[in-house]
Amino acid sequence: MFDTDKIRKDFPILSREVNGKPLVYFDNAATSQTPKQVIDVIVDYYSNFNANIHRGVHTLSQEATDKYEAARHTIQKHFNAKHAHEIIYTAGTTNSINLVANGFASLLEKGDEIIVSALEHHSNIVPWQMLCEKTGAVLKVIPMNQNGELLMEEYDKLLNENTKLVFVNHISNALGTINPIKEIIDKAHKHGAAVLIDGAQSCPHIKPDVQALDVDFYVASAHKMCGPTGVGMLYGKEEWLNKLPPYQGGGEMIAEVSFEKTTYAGLPHKFEAGTPNICGGIAFGAAIDYMNTIGFETIANYEHELLEYATKKLLEIEGLKIYGTAKNKTSVVSFNLEGIHPYDVGTILDKMGIAVRTGHHCAQPIMDYFKIPGTIRASFAFYNTKQEIDALVEGVKKAQRMLS
Ligand code: PMP
């Protein structure tokens, strides 16, 4: 039995009030909340062993280095990477994608083709458009259907000998669709193309196995999975990371520097110039540990229950339409009320202490597809409850009465 009451006690923010009402936090796809087990690690770091890493002989520096590198091993184990040096610390998913896109600028030629999907977040569109501008490569898009599912037969048609890269998110942030990434990866590999999977939305719900997936690059953000903002990771197969040039120059990423020539450090340091987010990296490891003590299967099952409950209850409201009805989806409900702007509903819900996201969710092409300005998005985490969903449903009904 899933003990939500016990779990909720781990999250101090969940006991606060907003506008005089108990907070109902349904903006988890934007950022998740932080348990005290992770907050304690952050406080402990700055209280007891704050120091710069890797280059210090003194005790604090060594302690900080050990913890930072131990967290890299935690991340490695979690994503099942073969080597710890295949895990690169970054500032988050966006930063990881830009690192890879920047690296491919020196590997692509005019006429090469890059495939993305119709379900992408802007951070998995814009860096590739910039890469195409730099290299003369061409961007192609896997289309989707009205349920928000990718049309795999169209993907087959896009693949050819010019395809060099395929970039797809594991789960869509705007609709919650879980994409068939294993099939996408295998088909791309048959054409010799590399694949990057954007795991920003999957990391809170699924424990991906990068070796079983045989994926070339997998990226994620700590703040989506109970960790702090400003830190994330790039997994890359060793052979790919060795092929890509460094992203930024500076300290930590070199073997030797002279004014005539600089040689670069090996993995992972080649991609980690400058003082990193040390505390963030350590807390990222603590967040993964925390989520694993609950268990990803338990989390996914419980969140699925919340999704089914919310979908059923919301659809009882006349004039409410849900966008994203894929068979395989995670705990995101994106919806609109007929004739009412999503922003107005979000504002009224906030007055009731209910936090949802409104707008295009950094996925404007999806909104264009449905010919809408945006949606109201409620995204559930394992610390949410059915009672909170009841509050949302009542809030939406009230907003509809007020705005009709
Ligand atoms: N991709 C997807 C699917 C996302 O949901 C997000 C965050 N909303 C990102 C990329 C970007 O993540 P970050 O802002 O942490 O870099």
# chains A, B, ... in the order shown; residues from 1 in each chain; ligands from 1
call {"tool": "select_by_dssp", "arguments": {"residues": "segment 71-162 of chain A", "states": "alpha helix (DSSP H)", "output": "PDB file with C-alpha atoms, in the first residue's frame"}}
result
ATOM      1  CA  ALA A  71      27.138  11.114  -6.861  1.00  0.00           C
ATOM      2  CA  ARG A  72      28.390  10.590 -10.437  1.00  0.00           C
ATOM      3  CA  HIS A  73      28.521   6.859  -9.660  1.00  0.00           C
ATOM      4  CA  THR A  74      24.976   7.008  -8.269  1.00  0.00           C
ATOM      5  CA  ILE A  75      23.817   8.615 -11.528  1.00  0.00           C
ATOM      6  CA  GLN A  76      25.783   6.040 -13.547  1.00  0.00           C
ATOM      7  CA  LYS A  77      24.197   3.173 -11.647  1.00  0.00           C
ATOM      8  CA  HIS A  78      20.721   4.667 -11.904  1.00  0.00           C
ATOM      9  CA  PHE A  79      20.845   5.052 -15.684  1.00  0.00           C
ATOM     10  CA  THR A  93      18.707  19.097 -20.064  1.00  0.00           C
ATOM     11  CA  THR A  94      18.917  22.264 -22.166  1.00  0.00           C
ATOM     12  CA  ASN A  95      22.624  22.558 -21.463  1.00  0.00           C
ATOM     13  CA  SER A  96      23.191  18.854 -22.264  1.00  0.00           C
ATOM     14  CA  ILE A  97      21.410  19.154 -25.615  1.00  0.00           C
ATOM     15  CA  ASN A  98      23.375  22.274 -26.548  1.00  0.00           C
ATOM     16  CA  LEU A  99      26.619  20.489 -25.650  1.00  0.00           C
ATOM     17  CA  VAL A 100      25.821  17.680 -28.092  1.00  0.00           C
ATOM     18  CA  ALA A 101      24.504  20.021 -30.807  1.00  0.00           C
ATOM     19  CA  ASN A 102      27.626  22.147 -30.547  1.00  0.00           C
ATOM     20  CA  GLY A 103      29.807  19.036 -30.855  1.00  0.00           C
ATOM     21  CA  PHE A 104      28.021  17.818 -33.968  1.00  0.00           C
ATOM     22  CA  VAL A 126      16.046  25.296 -31.356  1.00  0.00           C
ATOM     23  CA  PRO A 127      19.602  23.883 -30.809  1.00  0.00           C
ATOM     24  CA  TRP A 128      19.123  21.609 -33.843  1.00  0.00           C
ATOM     25  CA  GLN A 129      17.844  24.501 -35.963  1.00  0.00           C
ATOM     26  CA  MET A 130      20.949  26.437 -34.950  1.00  0.00           C
ATOM     27  CA  LEU A 131      23.058  23.393 -35.862  1.00  0.00           C
ATOM     28  CA  CYS A 132      21.353  23.223 -39.279  1.00  0.00           C
ATOM     29  CA  GLU A 133      22.088  26.920 -39.867  1.00  0.00           C
ATOM     30  CA  LYS A 134      25.747  26.344 -39.071  1.00  0.00           C
ATOM     31  CA  THR A 135      26.214  23.177 -41.101  1.00  0.00           C
ATOM     32  CA  MET A 152       5.902   5.647 -36.815  1.00  0.00           C
ATOM     33  CA  GLU A 153       5.209   4.760 -40.448  1.00  0.00           C
ATOM     34  CA  GLU A 154       6.092   8.377 -41.323  1.00  0.00           C
ATOM     35  CA  TYR A 155       9.300   8.028 -39.300  1.00  0.00           C
ATOM     36  CA  ASP A 156      10.207   5.010 -41.474  1.00  0.00           C
ATOM     37  CA  LYS A 157       9.796   7.176 -44.567  1.00  0.00           C
ATOM     38  CA  LEU A 158      12.047   9.945 -43.185  1.00  0.00           C
TER      39      LEU A 158
END
call {"tool": "select_by_dssp", "arguments": {"residues": "segment 91-229 of chain A", "states": "strand (DSSP E)", "output": "PyMOL selection string"}}
result
chain A and resi 113-117+138-142+163-169+194-198+217-221
call {"tool": "residues_near_ligand", "arguments": {"ligand": "ligand 1", "cutoff": "7 Å", "atoms": "only C-alpha atoms and all ligand atoms", "output": "JSON, numbers by chain"}}
result
{"A": [29, 30, 92, 93, 94, 95, 120, 121, 123, 124, 169, 171, 172, 173, 198, 199, 200, 201, 221, 223]}
call {"tool": "closest_residue", "arguments": {"among": "A:Phe271, A:Phe49, A:Phe11, A:Tyr309", "to": "Gln387 of chain A", "atoms": "only C-alpha atoms"}}
result
A:Tyr309
call {"tool": "atom_distance", "arguments": {"atom1": "atom CA of Ile294 of chain A", "atom2": "atom CA of Gly236 of chain A"}}
result
27.2 Å
call {"tool": "residues_around", "arguments": {"residues": "segment 39-46 of chain A", "least_positions_apart": "3", "cutoff": "12 Å", "atoms": "only C-alpha atoms", "output": "ChimeraX atom specification"}}
result
/A:10-13,33-36,49-52,60-61,63-65,67-68,71,226-228,277-287,289-290
call {"tool": "write_last_selection", "arguments": {"atoms": "C-alpha atoms", "output": "short mmCIF file (atom, residue, chain, number, x, y, z; two decimals), in the first residue's frame"}}
result
data_model
loop_
_atom_site.label_atom_id
_atom_site.label_comp_id
_atom_site.auth_asym_id
_atom_site.auth_seq_id
_atom_site.Cartn_x
_atom_site.Cartn_y
_atom_site.Cartn_z
CA ASP A 10 9.21 14.41 3.53
CA PHE A 11 8.28 17.56 1.55
CA PRO A 12 8.19 20.67 3.79
CA ILE A 13 6.69 22.85 1.03
CA GLN A 33 9.37 19.50 -5.13
CA THR A 34 12.36 18.73 -2.93
CA PRO A 35 12.27 16.27 0.01
CA LYS A 36 14.03 17.09 3.28
CA PHE A 49 32.54 20.63 3.39
CA ASN A 50 32.09 23.49 0.95
CA ALA A 51 35.30 23.62 -1.11
CA ASN A 52 36.42 23.55 -4.71
CA LEU A 60 37.62 19.80 2.64
CA SER A 61 38.47 19.70 -1.06
CA GLU A 63 35.76 15.38 0.94
CA ALA A 64 33.82 17.52 -1.54
CA THR A 65 35.51 15.73 -4.47
CA LYS A 67 31.03 13.18 -2.57
CA TYR A 68 30.76 14.76 -6.02
CA ALA A 71 27.14 11.11 -6.86
CA CYS A 226 13.31 15.85 -6.60
CA GLY A 227 16.77 17.43 -6.99
CA PRO A 228 17.90 21.06 -7.20
CA ASN A 277 27.63 23.08 -9.41
CA ILE A 278 29.29 20.89 -6.76
CA CYS A 279 26.52 21.00 -4.20
CA GLY A 280 23.96 20.48 -6.97
CA GLY A 281 25.74 17.38 -8.24
CA ILE A 282 25.88 15.87 -4.76
CA ALA A 283 22.20 16.70 -4.17
CA PHE A 284 21.33 15.16 -7.57
CA GLY A 285 22.77 11.88 -6.29
CA ALA A 286 20.76 12.23 -3.06
CA ALA A 287 17.57 12.84 -5.08
CA ASP A 289 18.74 7.73 -3.84
CA TYR A 290 15.52 9.15 -2.39
#
call {"tool": "residues_around", "arguments": {"residues": "Arg377 of chain A", "least_positions_apart": "4", "cutoff": "10 Å", "atoms": "only C-alpha atoms", "output": "list in words"}}
result
Phe26, Asp27, Asn28, Ala29, Ala30, Asn173, Ala174, Leu175, Gly176, Ile322, Tyr323, Val332, Val333, Ser334, Phe335, Asn336, Pro342, Gly346, Ala355, Val356, Arg357, Thr358, Gly359, His360 and His361 of chain A
call {"tool": "write_last_selection", "arguments": {"atoms": "C-alpha atoms", "output": "PDB file, in the first residue's frame"}}
result
ATOM      1  CA  PHE A  26       0.256  20.166  -9.842  1.00  0.00           C
ATOM      2  CA  ASP A  27       3.132  21.784 -11.751  1.00  0.00           C
ATOM      3  CA  ASN A  28       5.464  18.831 -11.376  1.00  0.00           C
ATOM      4  CA  ALA A  29       6.322  18.605 -15.071  1.00  0.00           C
ATOM      5  CA  ALA A  30       7.851  22.099 -14.792  1.00  0.00           C
ATOM      6  CA  ASN A 173       6.060  17.539 -21.374  1.00  0.00           C
ATOM      7  CA  ALA A 174       2.974  19.106 -22.957  1.00  0.00           C
ATOM      8  CA  LEU A 175       0.829  15.971 -23.459  1.00  0.00           C
ATOM      9  CA  GLY A 176       2.440  13.205 -21.419  1.00  0.00           C
ATOM     10  CA  ILE A 322      -8.242  16.877 -22.955  1.00  0.00           C
ATOM     11  CA  TYR A 323      -5.311  17.123 -25.390  1.00  0.00           C
ATOM     12  CA  VAL A 332      -0.010  14.761 -17.291  1.00  0.00           C
ATOM     13  CA  VAL A 333      -3.450  16.119 -18.122  1.00  0.00           C
ATOM     14  CA  SER A 334      -3.471  18.993 -20.609  1.00  0.00           C
ATOM     15  CA  PHE A 335      -6.921  20.473 -21.094  1.00  0.00           C
ATOM     16  CA  ASN A 336      -9.042  23.489 -21.988  1.00  0.00           C
ATOM     17  CA  PRO A 342      -6.295  28.822 -20.162  1.00  0.00           C
ATOM     18  CA  GLY A 346      -4.896  29.172 -14.078  1.00  0.00           C
ATOM     19  CA  ALA A 355      -0.670  25.445  -8.925  1.00  0.00           C
ATOM     20  CA  VAL A 356      -1.061  24.382 -12.562  1.00  0.00           C
ATOM     21  CA  ARG A 357       0.802  25.549 -15.639  1.00  0.00           C
ATOM     22  CA  THR A 358      -0.930  27.438 -18.437  1.00  0.00           C
ATOM     23  CA  GLY A 359       0.385  28.340 -21.864  1.00  0.00           C
ATOM     24  CA  HIS A 360       2.274  26.576 -24.627  1.00  0.00           C
ATOM     25  CA  HIS A 361       4.631  24.684 -22.280  1.00  0.00           C
TER      26      HIS A 361
END
call {"tool": "residues_around", "arguments": {"residues": "Ala194 of chain A", "least_positions_apart": "6", "cutoff": "8 Å", "atoms": "only C-alpha atoms", "output": "PDB file with C-alpha atoms, in the first residue's frame"}}
result
ATOM      1  CA  LYS A 164      22.841  11.425 -39.180  1.00  0.00           C
ATOM      2  CA  LEU A 165      20.960  12.217 -36.002  1.00  0.00           C
ATOM      3  CA  VAL A 166      17.567  11.540 -34.424  1.00  0.00           C
ATOM      4  CA  ALA A 188      17.866   4.938 -36.576  1.00  0.00           C
ATOM      5  CA  VAL A 215      20.940   4.871 -26.918  1.00  0.00           C
ATOM      6  CA  ASP A 216      23.843   7.129 -27.926  1.00  0.00           C
TER       7      ASP A 216
END
call {"tool": "closest_residue", "arguments": {"among": "A:Glu338, A:Glu256, A:Glu161, A:Glu239", "to": "Glu318 of chain A", "atoms": "only C-alpha atoms"}}
result
A:Glu338
call {"tool": "closest_residue", "arguments": {"among": "A:Gly232, A:Gly148, A:Gly353, A:Gly274", "to": "Lys327 of chain A", "atoms": "only C-alpha atoms"}}
result
A:Gly148
call {"tool": "closest_residue", "arguments": {"among": "A:His304, A:Pro373, A:Ile354, A:Ile115", "to": "Glu388 of chain A", "atoms": "only C-alpha atoms"}}
result
A:Ile354
call {"tool": "atom_distance", "arguments": {"atom1": "atom CA of Gly395 of chain A", "atom2": "atom CA of Thr31 of chain A"}}
result
21.9 Å
